[in-house]
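Inspection log for the structure reproduced underneath, given as structure tokens.
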Amino acid sequence: MKIIDRLPSILKNNMYAELAKRNLKRQSVRTILAAIGIIIGVIAISSMGILGNSLKLSVTDSFADIGDKLIVSPAPGEDSITDKQVDQISKVGGIESIIPVSSSGEVVEYRKDGVDIQSYVAVYNIEKDELENLVELEEGRYFKPGSTDCVVGSSIASNLELTPGQKIEIDGNKLRVVGILKERGLGFDINTDSGVFTSSEMYDKLYPDADEGYDQVIVIVENIDELDAVSEDIEERINKKDELVTVFATNVITESLDDVFRSISIFLMGIGSISLLVAGVSILNVMLMSTMERTKEIGIMKAVGASRKDILKMFLLEALFLGVIASTAGAILTIGGSYLVMLLVVKNTSYLFTLSSMFYITEGFFFGIATSLVGGMYPAWKASRMKPLDALRYE
Amino acid sequence: MPSPQYPIVQLQDVKRIYTLGNNKIYALNGVSISIEKGDFVTIMGSSGSGKSTLLNMIGCLDLPTSGIVKVNNTDLSKLDDDGLTAIRRNNIGFIFQQFNLIPTLTAIENVEIPMIFNGASPDTRRKKALEMLKKADLPLEYASHKPNEMSGGQQQRVAIARALANEPPILLADEPTGNLDTKTGHNIMELLKELNAAGTTVIVVTHDPLLEEYSHTTIKIQDGEVIE
């Protein structure tokens with residue numbers, strides 16, 4: 001607190017800063033070498049952090065779910081989820097929405113330039129409003145209830161070169177494509193990217209023989225922290241006597257992924273901190289040499305009225321300057337370097353400008369300053385404890 | 001000048017003993033002196049006589065093994081490091097044989113240094129430093145020069161200006177002319193005389209008998225004892 005209160009006066013009394021600047025300049029080669037140590041340390045610690053973070057983001061980005069869903073599916077031996085079971089689920093507290101889904105595998109035919117193209121897709125029966133909850137539209141609109149409209153996933157659209165307004169044919173039934181969904185990535189619930197979605201009337205017309213009930217029920221919880229509680233509650237209600245449904249929490253996978261990447265990040269940053277440690281030792285060395293060389297000056301300063309605190313302040317300010325300048329350079333080089341590497345190697349720089357990447361750069365920056373201060377502490381303390389008479393006599 | 005109630009510097013039976021192996025060296029062996037405010041004192045003695053040790057005692061750079069040192073009526077033995085620093089800062093201006101300027105700083109910045117430790121604002125500092133350089137007769141074009149760009153006499157003038165910066169009542173000079181030629185040395189001593197005339201107590205330590213003529217009082221010291 002005290003130091004923070006006095007900071008403005010230290011900065012205003014700019015002769016301290018001036019002295020620190022000149023003393024750093026006096027041994028410029030040594031200062032630059034010490035700064036390079038810090039710069040390397042900052043780059044190492046922040047780029048290792050960014051590396052781990054980008055690794056994590058690139059993997060988790062390919063998953064659609066952030067893990068706030070429960071997937072309720074029939075237990076082995078059961079055919080489907082019944083309306084009654086859906087009703088039971090709806091009585092559980094903490095649920096935001098329940099999305100019952102039916103689906104069938106299908107070969108989709110599409111005629112283009114006189115050539116028949118076939119592709120395997122999943123046809124889903126899902127309410128329009130609930131589909132809106134799960135995935136956004138890239139273009140066009142959602143299907144109207146009761147119509148022959150359908151919306152298709154992004155990978156189908158691109159594979160078959162579909163645009164809204166065209167028609168696809170399923171089992172002799174023609175469906176009009178009215179919308180194309182945004183790419184969503186691999187999901188634990190349904191794969192919208194390779195799905196065709198249509199109204200339940202059309203679905204019933206396509207599959208009149210389909211089982212009553214649903215293939216799975218997607219449950220979105222209100223609060224992600226209650227995922228496990230809701231999951232247990234559902235199992236308790238439905239699986240009272242027999243094992244009728246299986247409840248799968250999507251956060252199981254994201255959580256273990258998080259754990260893995262956390263470990264990787266810590267490991268990588270551990271490697272980075274070693275270089276910062278080395279930099280700290282070199283700062284210690286540089287500052288110690290500089291206090292030895294300036295012993296006589298310290299004696300003079302004391303003779304003309306410098307207190308221990310003044311001397312301490314002077315040397316710590318030097319270390320602080322060195323740390324701030326070197327850490328700033330390190331942070332800038334990290335941003336520039338990572339940008340180049342990502343541009344050239346990954347061809348995607350978006351991971352660099354995420355909050356977590358910036359956090360690692362900030363962390364590296366402050367670690368750099370802290371290292372410099374810690375390295376400068378002992379020499380500064382030593383300088384401040386010098387006896388003025390001995391220091392004055394030093395040649 | 002109104003007579004002060006107490007001597008500005010007072011030493012009572014001061015001993016300073018260094019131990020070298022089994023030998024005890026009496027740098028000061030029971031020195032009792034008192035120096036009145038406004039005096040110009042020369043402490044004379046050959047090298048090894050203990051005159052520098054005496055000066056360091058008065059300047060709060062060294063503490064006695066036994067005995068009492070009072071500066072401005074403050075007993076130094078009762079002070080901690082911060083207290084001694086405060087006495088040095090407010091009461092004493094040092095002038096050294098080697099000038100002892102900070103090599104990275106210009107003349108005017110060197111003069112500002114003691115005022116920084118006294119907490120003066122940058123504006124006050126700069127103004128007063130110029131004033132002190134003028135008082136020390138340094139041609140003002142040298143104000144922005146670094147020590148290595150100045151002659152010995154000019155450097156000593158900067159050192160004197162620095163010693164004057166916090167307007168201390170006592171100036172301590174350790175062989176102030178030792179590194180200067182006779183003519184420059186004379187000029188420096190004349191300057192000290194002027195400052196003394198203006199009210200500052202000046203204490204000069206030297207082995208040079210020629211300096212005696214500038215002072216009012218001479219204290220001769222030999223083998224750690226006052227002989228005259």
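Going through the structure tokens in order, the chains are called A, B, and so on, while each chain numbers its residues from 1 and the ligands are numbered from 1 in the order shown.
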Picked from segment 70-178 of chain A by DSSP as alpha helix (DSSP H), as a PyMOL selection string: chain A and resi 83-90+128-134+154-159
8 Å contacts from chain A to chain B using only C-alpha atoms, as a list of chain:residue names: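 Therefore, the residues near the partner are A:Lys12, A:Asn13, A:Asn14, A:Met15, A:Leu19, A:Arg22, A:Asn23, A:Arg26, A:Glu297, A:Ile300, A:Met301, A:Lys302, A:Ala303, A:Val304, A:Gly305, A:Ala306, A:Ser307, A:Arg308, A:Asp310, A:Pro388, A:Leu389.
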Dump as a PDB file, in the first residue's frame, selection limited to N, CA and C atoms:
```pdb
ATOM      1  N   LYS A  12       7.245  11.464 -10.064  1.00  0.00           N
ATOM      2  CA  LYS A  12       7.366  12.905 -10.229  1.00  0.00           C
ATOM      3  C   LYS A  12       8.792  13.352  -9.928  1.00  0.00           C
ATOM      4  N   ASN A  13       9.366  12.738  -8.910  1.00  0.00           N
ATOM      5  CA  ASN A  13      10.762  13.012  -8.602  1.00  0.00           C
ATOM      6  C   ASN A  13      11.616  12.314  -9.640  1.00  0.00           C
ATOM      7  N   ASN A  14      11.507  12.782 -10.873  1.00  0.00           N
ATOM      8  CA  ASN A  14      11.992  11.948 -11.968  1.00  0.00           C
ATOM      9  C   ASN A  14      13.501  11.778 -12.023  1.00  0.00           C
ATOM     10  N   MET A  15      14.227  12.357 -11.054  1.00  0.00           N
ATOM     11  CA  MET A  15      15.670  12.143 -11.049  1.00  0.00           C
ATOM     12  C   MET A  15      16.001  10.681 -10.739  1.00  0.00           C
ATOM     13  N   LEU A  19      18.208   8.654 -13.102  1.00  0.00           N
ATOM     14  CA  LEU A  19      19.395   7.931 -12.633  1.00  0.00           C
ATOM     15  C   LEU A  19      19.357   6.479 -13.083  1.00  0.00           C
ATOM     16  N   ARG A  22      20.046   6.214 -16.760  1.00  0.00           N
ATOM     17  CA  ARG A  22      21.455   6.413 -17.126  1.00  0.00           C
ATOM     18  C   ARG A  22      22.333   5.263 -16.665  1.00  0.00           C
ATOM     19  N   ASN A  23      22.028   4.730 -15.502  1.00  0.00           N
ATOM     20  CA  ASN A  23      22.838   3.616 -15.027  1.00  0.00           C
ATOM     21  C   ASN A  23      22.654   2.385 -15.909  1.00  0.00           C
ATOM     22  N   ARG A  26      24.662   3.051 -18.970  1.00  0.00           N
ATOM     23  CA  ARG A  26      26.106   3.080 -18.750  1.00  0.00           C
ATOM     24  C   ARG A  26      26.751   1.754 -19.149  1.00  0.00           C
ATOM     25  N   GLU A 297      29.962   5.146  -5.517  1.00  0.00           N
ATOM     26  CA  GLU A 297      28.850   6.060  -5.770  1.00  0.00           C
ATOM     27  C   GLU A 297      27.788   5.956  -4.682  1.00  0.00           C
ATOM     28  N   ILE A 300      28.959   7.870  -1.829  1.00  0.00           N
ATOM     29  CA  ILE A 300      28.764   9.314  -2.033  1.00  0.00           C
ATOM     30  C   ILE A 300      27.311   9.689  -1.772  1.00  0.00           C
ATOM     31  N   MET A 301      26.424   8.902  -2.361  1.00  0.00           N
ATOM     32  CA  MET A 301      24.990   9.159  -2.191  1.00  0.00           C
ATOM     33  C   MET A 301      24.624   9.182  -0.711  1.00  0.00           C
ATOM     34  N   LYS A 302      25.178   8.205   0.014  1.00  0.00           N
ATOM     35  CA  LYS A 302      24.868   8.149   1.444  1.00  0.00           C
ATOM     36  C   LYS A 302      25.449   9.354   2.165  1.00  0.00           C
ATOM     37  N   ALA A 303      26.661   9.748   1.778  1.00  0.00           N
ATOM     38  CA  ALA A 303      27.300  10.899   2.426  1.00  0.00           C
ATOM     39  C   ALA A 303      26.484  12.168   2.208  1.00  0.00           C
ATOM     40  N   VAL A 304      25.874  12.311   1.020  1.00  0.00           N
ATOM     41  CA  VAL A 304      25.113  13.533   0.767  1.00  0.00           C
ATOM     42  C   VAL A 304      23.652  13.390   1.186  1.00  0.00           C
ATOM     43  N   GLY A 305      23.316  12.317   1.885  1.00  0.00           N
ATOM     44  CA  GLY A 305      21.994  12.289   2.505  1.00  0.00           C
ATOM     45  C   GLY A 305      21.029  11.224   2.031  1.00  0.00           C
ATOM     46  N   ALA A 306      21.508  10.212   1.270  1.00  0.00           N
ATOM     47  CA  ALA A 306      20.599   9.151   0.851  1.00  0.00           C
ATOM     48  C   ALA A 306      20.399   8.170   1.994  1.00  0.00           C
ATOM     49  N   SER A 307      19.147   7.825   2.260  1.00  0.00           N
ATOM     50  CA  SER A 307      18.866   6.829   3.290  1.00  0.00           C
ATOM     51  C   SER A 307      18.903   5.449   2.651  1.00  0.00           C
ATOM     52  N   ARG A 308      18.820   4.421   3.484  1.00  0.00           N
ATOM     53  CA  ARG A 308      18.783   3.055   2.949  1.00  0.00           C
ATOM     54  C   ARG A 308      17.636   2.890   1.969  1.00  0.00           C
ATOM     55  N   ASP A 310      16.261   5.159   0.124  1.00  0.00           N
ATOM     56  CA  ASP A 310      16.535   5.826  -1.157  1.00  0.00           C
ATOM     57  C   ASP A 310      17.368   4.934  -2.068  1.00  0.00           C
ATOM     58  N   PRO A 388      28.452   3.612   4.805  1.00  0.00           N
ATOM     59  CA  PRO A 388      28.877   4.721   3.946  1.00  0.00           C
ATOM     60  C   PRO A 388      30.396   4.898   3.895  1.00  0.00           C
ATOM     61  N   LEU A 389      31.037   4.730   5.040  1.00  0.00           N
ATOM     62  CA  LEU A 389      32.478   4.965   5.084  1.00  0.00           C
ATOM     63  C   LEU A 389      33.229   3.932   4.240  1.00  0.00           C
TER      64      LEU A 389
END
```
Residues near Ile227 of chain B, cut-off 10 Å, only C-alpha atoms, skip fewer than 5 positions along chain, as a ChimeraX atom specification: /B:31,45,219-222
Next, write the just-selected residues to a file, as a PDB file, in the first residue's frame, keeping N, CA and C atoms as the atom set.
```
ATOM      1  N   VAL B  31      39.586  11.981  22.396  1.00  0.00           N
ATOM      2  CA  VAL B  31      39.584  13.343  21.851  1.00  0.00           C
ATOM      3  C   VAL B  31      38.381  14.111  22.407  1.00  0.00           C
ATOM      4  N   GLY B  45      47.197  17.541  10.726  1.00  0.00           N
ATOM      5  CA  GLY B  45      47.847  16.322  11.197  1.00  0.00           C
ATOM      6  C   GLY B  45      48.441  15.589  10.030  1.00  0.00           C
ATOM      7  N   ILE B 219      43.196  22.964  15.038  1.00  0.00           N
ATOM      8  CA  ILE B 219      43.312  21.856  15.984  1.00  0.00           C
ATOM      9  C   ILE B 219      44.378  20.927  15.438  1.00  0.00           C
ATOM     10  N   LYS B 220      45.437  20.689  16.200  1.00  0.00           N
ATOM     11  CA  LYS B 220      46.488  19.790  15.729  1.00  0.00           C
ATOM     12  C   LYS B 220      46.303  18.436  16.374  1.00  0.00           C
ATOM     13  N   ILE B 221      46.436  17.431  15.565  1.00  0.00           N
ATOM     14  CA  ILE B 221      46.186  16.090  16.061  1.00  0.00           C
ATOM     15  C   ILE B 221      47.344  15.185  15.672  1.00  0.00           C
ATOM     16  N   GLN B 222      47.726  14.319  16.624  1.00  0.00           N
ATOM     17  CA  GLN B 222      48.845  13.414  16.370  1.00  0.00           C
ATOM     18  C   GLN B 222      48.592  12.118  17.129  1.00  0.00           C
TER      19      GLN B 222
END
```
Non-local contacts of Val92 of chain A (12 Å; only C-alpha atoms; under 6 positions in same chain excluded) as number ranges by chain: A: 85-86, 98, 219-222, 226-227, 229-238
Would you mind exporting the chosen residues as a CSV table (one decimal), in the first residue's frame, restricted to C-alpha atoms?
```
chain,number,residue,atom,x,y,z
A,85,GLN,CA,-41.2,-41.0,-20.4
A,86,VAL,CA,-40.9,-37.6,-22.0
A,98,ILE,CA,-36.8,-30.9,-23.9
A,219,VAL,CA,-32.5,-32.2,-22.5
A,220,ILE,CA,-31.0,-28.7,-22.2
A,221,VAL,CA,-30.5,-27.7,-18.6
A,222,GLU,CA,-30.9,-24.2,-17.2
A,226,GLU,CA,-26.8,-28.9,-12.2
A,227,LEU,CA,-26.2,-31.2,-15.1
A,229,ALA,CA,-28.2,-33.5,-10.5
A,230,VAL,CA,-30.8,-33.4,-13.4
A,231,SER,CA,-29.2,-36.5,-14.9
A,232,GLU,CA,-29.6,-38.4,-11.7
A,233,ASP,CA,-33.2,-37.1,-11.2
A,234,ILE,CA,-34.2,-38.4,-14.7
A,235,GLU,CA,-32.7,-41.8,-14.1
A,236,GLU,CA,-34.4,-42.0,-10.7
A,237,ARG,CA,-37.8,-41.2,-12.1
A,238,ILE,CA,-37.7,-43.4,-15.2
```
Contacts of Leu131 of chain A within 12 Å, only C-alpha atoms, excl. fewer than 3 positions in-chain, as a PyMOL selection string: chain A and resi 97-101+124-128+134-137+141-143+150-153+181-182+190-192+195-199+218
Save the residues we just selected, N, CA and C atoms, as a CSV table (one decimal), in the first residue's frame?
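File part01.csv, as written:
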```csv
chain,number,residue,atom,x,y,z
A,97,SER,N,-35.2,-26.9,-21.8
A,97,SER,CA,-36.1,-27.4,-22.8
A,97,SER,C,-35.8,-28.9,-23.1
A,98,ILE,N,-36.9,-29.5,-23.6
A,98,ILE,CA,-36.8,-30.9,-23.9
A,98,ILE,C,-37.0,-31.1,-25.4
A,99,ILE,N,-36.1,-31.7,-26.1
A,99,ILE,CA,-36.3,-31.8,-27.5
A,99,ILE,C,-36.3,-33.3,-27.9
A,100,PRO,N,-37.5,-33.9,-28.1
A,100,PRO,CA,-37.6,-35.3,-28.6
A,100,PRO,C,-37.2,-35.3,-30.1
A,101,VAL,N,-36.4,-36.3,-30.4
A,101,VAL,CA,-36.0,-36.5,-31.8
A,101,VAL,C,-36.2,-37.9,-32.3
A,124,TYR,N,-34.3,-36.2,-39.8
A,124,TYR,CA,-34.7,-36.0,-38.5
A,124,TYR,C,-36.1,-35.5,-38.4
A,125,ASN,N,-36.9,-35.9,-37.4
A,125,ASN,CA,-38.2,-35.4,-37.1
A,125,ASN,C,-38.0,-34.6,-35.8
A,126,ILE,N,-38.1,-33.3,-36.0
A,126,ILE,CA,-37.8,-32.4,-34.8
A,126,ILE,C,-38.6,-31.2,-35.0
A,127,GLU,N,-39.2,-30.7,-33.9
A,127,GLU,CA,-40.1,-29.5,-34.1
A,127,GLU,C,-39.2,-28.3,-34.5
A,128,LYS,N,-39.9,-27.5,-35.3
A,128,LYS,CA,-39.2,-26.3,-35.9
A,128,LYS,C,-38.5,-25.4,-34.8
A,134,LEU,N,-31.3,-25.4,-31.4
A,134,LEU,CA,-30.0,-26.1,-31.5
A,134,LEU,C,-29.0,-25.6,-32.5
A,135,VAL,N,-29.5,-25.0,-33.6
A,135,VAL,CA,-28.6,-24.6,-34.7
A,135,VAL,C,-29.2,-23.4,-35.4
A,136,GLU,N,-28.2,-22.6,-35.9
A,136,GLU,CA,-28.7,-21.4,-36.6
A,136,GLU,C,-28.7,-21.6,-38.1
A,137,LEU,N,-29.4,-20.8,-38.8
A,137,LEU,CA,-29.5,-20.9,-40.3
A,137,LEU,C,-28.3,-20.1,-41.0
A,141,ARG,N,-34.7,-20.1,-44.8
A,141,ARG,CA,-35.6,-20.0,-43.6
A,141,ARG,C,-35.8,-21.5,-43.1
A,142,TYR,N,-36.4,-21.6,-41.9
A,142,TYR,CA,-36.8,-22.9,-41.4
A,142,TYR,C,-38.0,-23.4,-42.1
A,143,PHE,N,-38.3,-24.7,-42.0
A,143,PHE,CA,-39.5,-25.3,-42.7
A,143,PHE,C,-40.7,-24.9,-42.0
A,150,CYS,N,-38.0,-28.6,-46.3
A,150,CYS,CA,-36.9,-29.2,-45.5
A,150,CYS,C,-35.7,-28.2,-45.4
A,151,VAL,N,-35.0,-28.3,-44.3
A,151,VAL,CA,-33.7,-27.6,-44.2
A,151,VAL,C,-32.6,-28.7,-44.2
A,152,VAL,N,-31.5,-28.4,-44.7
A,152,VAL,CA,-30.4,-29.4,-44.8
A,152,VAL,C,-29.1,-28.8,-44.0
A,153,GLY,N,-28.3,-29.8,-43.6
A,153,GLY,CA,-27.1,-29.4,-42.9
A,153,GLY,C,-26.0,-28.9,-43.9
A,181,LEU,N,-28.4,-24.9,-42.9
A,181,LEU,CA,-28.0,-24.7,-41.6
A,181,LEU,C,-26.5,-24.3,-41.5
A,182,LYS,N,-26.2,-23.5,-40.5
A,182,LYS,CA,-24.8,-23.2,-40.3
A,182,LYS,C,-24.0,-24.4,-39.8
A,190,ILE,N,-27.2,-34.6,-32.0
A,190,ILE,CA,-27.5,-35.0,-33.4
A,190,ILE,C,-26.5,-34.3,-34.3
A,191,ASN,N,-26.2,-34.9,-35.4
A,191,ASN,CA,-25.3,-34.4,-36.3
A,191,ASN,C,-26.0,-33.5,-37.4
A,192,THR,N,-26.1,-32.2,-37.0
A,192,THR,CA,-26.9,-31.4,-37.9
A,192,THR,C,-26.2,-31.2,-39.3
A,195,GLY,N,-27.5,-33.7,-41.7
A,195,GLY,CA,-28.9,-34.0,-41.4
A,195,GLY,C,-29.9,-33.3,-42.3
A,196,VAL,N,-31.0,-33.9,-42.5
A,196,VAL,CA,-32.1,-33.3,-43.2
A,196,VAL,C,-33.3,-33.2,-42.3
A,197,PHE,N,-33.8,-32.0,-42.2
A,197,PHE,CA,-34.9,-31.7,-41.2
A,197,PHE,C,-36.2,-31.3,-41.9
A,198,THR,N,-37.2,-32.0,-41.5
A,198,THR,CA,-38.5,-31.7,-42.1
A,198,THR,C,-39.6,-31.7,-41.0
A,199,SER,N,-40.8,-31.3,-41.4
A,199,SER,CA,-41.9,-31.3,-40.5
A,199,SER,C,-42.3,-32.7,-40.1
A,218,ILE,N,-33.2,-34.9,-26.3
A,218,ILE,CA,-32.2,-33.9,-25.9
A,218,ILE,C,-32.7,-33.1,-24.8
```
Minimum-distance residue to Val9 of chain B, chosen among B:Ile188, B:Ile33, B:Val158, B:Ala136 (using only C-alpha atoms):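 Going through B:Ile188, B:Ile33, B:Val158, B:Ala136 one by one, the smallest distance to Val9 of chain B is for B:Ile33.
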Picked from segment 58-145 of chain B by DSSP as strand (DSSP E or B), as a ChimeraX atom specification: /B:66-71,74-75,92-95
Shell of 10 Å around Glu212 of chain B, only C-alpha atoms, local chain residues under 3 positions omitted, as a count of residues only: 15
Selection near Ser47 of chain A, 10 Å with only C-alpha atoms, sequence-local residues under 5 positions removed, as a VMD selection string: chain A and resid 41 to 42 52 to 53 268 to 269 272 331 333 to 335 337 to 338 352 357 360 to 361 364
I need the residues from that last selection saved to file as a compact mmCIF listing (two decimals), in the first residue's frame (with N, CA and C atoms), if you can.
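To be explicit, this is the file written out as selection13.txt:
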```txt
# COMPACT_ATOMS: atom_id res chain seq x y z
N GLY A 41 12.45 -15.23 -21.86
CA GLY A 41 11.60 -15.84 -20.84
C GLY A 41 10.14 -15.51 -21.06
N VAL A 42 9.86 -14.22 -21.32
CA VAL A 42 8.46 -13.81 -21.53
C VAL A 42 7.89 -14.48 -22.76
N GLY A 52 -0.58 -24.15 -25.95
CA GLY A 52 -1.48 -25.06 -25.26
C GLY A 52 -2.92 -24.67 -25.47
N ASN A 53 -3.16 -23.35 -25.39
CA ASN A 53 -4.51 -22.83 -25.52
C ASN A 53 -5.06 -23.06 -26.93
N LEU A 268 3.68 -27.12 -20.52
CA LEU A 268 4.35 -26.23 -21.47
C LEU A 268 4.83 -24.96 -20.78
N MET A 269 3.97 -24.44 -19.89
CA MET A 269 4.37 -23.20 -19.23
C MET A 269 5.48 -23.46 -18.22
N GLY A 272 8.44 -23.04 -20.11
CA GLY A 272 8.66 -21.60 -20.29
C GLY A 272 9.24 -20.95 -19.05
N ALA A 331 6.36 -9.23 -24.93
CA ALA A 331 4.94 -9.38 -25.24
C ALA A 331 4.65 -9.04 -26.70
N LEU A 333 6.80 -9.09 -29.19
CA LEU A 333 7.39 -10.13 -30.05
C LEU A 333 6.54 -11.39 -30.05
N THR A 334 5.95 -11.71 -28.88
CA THR A 334 5.10 -12.90 -28.81
C THR A 334 3.89 -12.75 -29.71
N ILE A 335 3.24 -11.57 -29.62
CA ILE A 335 2.05 -11.35 -30.45
C ILE A 335 2.43 -11.43 -31.92
N GLY A 337 5.14 -12.74 -33.34
CA GLY A 337 5.65 -14.06 -33.71
C GLY A 337 4.55 -15.09 -33.84
N SER A 338 3.64 -15.10 -32.83
CA SER A 338 2.54 -16.06 -32.87
C SER A 338 1.64 -15.82 -34.07
N LEU A 352 -5.29 -16.54 -31.66
CA LEU A 352 -4.38 -15.62 -30.97
C LEU A 352 -5.15 -14.52 -30.27
N SER A 357 -5.71 -16.45 -24.82
CA SER A 357 -4.37 -16.23 -25.36
C SER A 357 -3.80 -14.92 -24.84
N TYR A 360 -2.48 -15.26 -21.43
CA TYR A 360 -1.14 -15.84 -21.31
C TYR A 360 -0.07 -14.80 -21.61
N ILE A 361 -0.36 -13.90 -22.55
CA ILE A 361 0.62 -12.84 -22.86
C ILE A 361 0.76 -11.91 -21.67
N GLY A 364 2.72 -13.65 -19.01
CA GLY A 364 4.14 -13.63 -19.33
C GLY A 364 4.75 -12.27 -19.03
```
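Coordinates place atom CA of Ser200 of chain A at a distance of 27.5 Å from atom CA of Gly93 of chain A.
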d(atom CA of Ser372 of chain A, atom CA of Met386 of chain A) in Å: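 For atom CA of Ser372 of chain A relative to atom CA of Met386 of chain A, the distance reads 21.9 Å.
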Nearest candidate to Leu130 of chain B (options B:Ser46, B:Asn110, B:Asn22, B:Ser34; using only C-alpha atoms):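 So, comparing all the options, the nearest one is B:Asn110.
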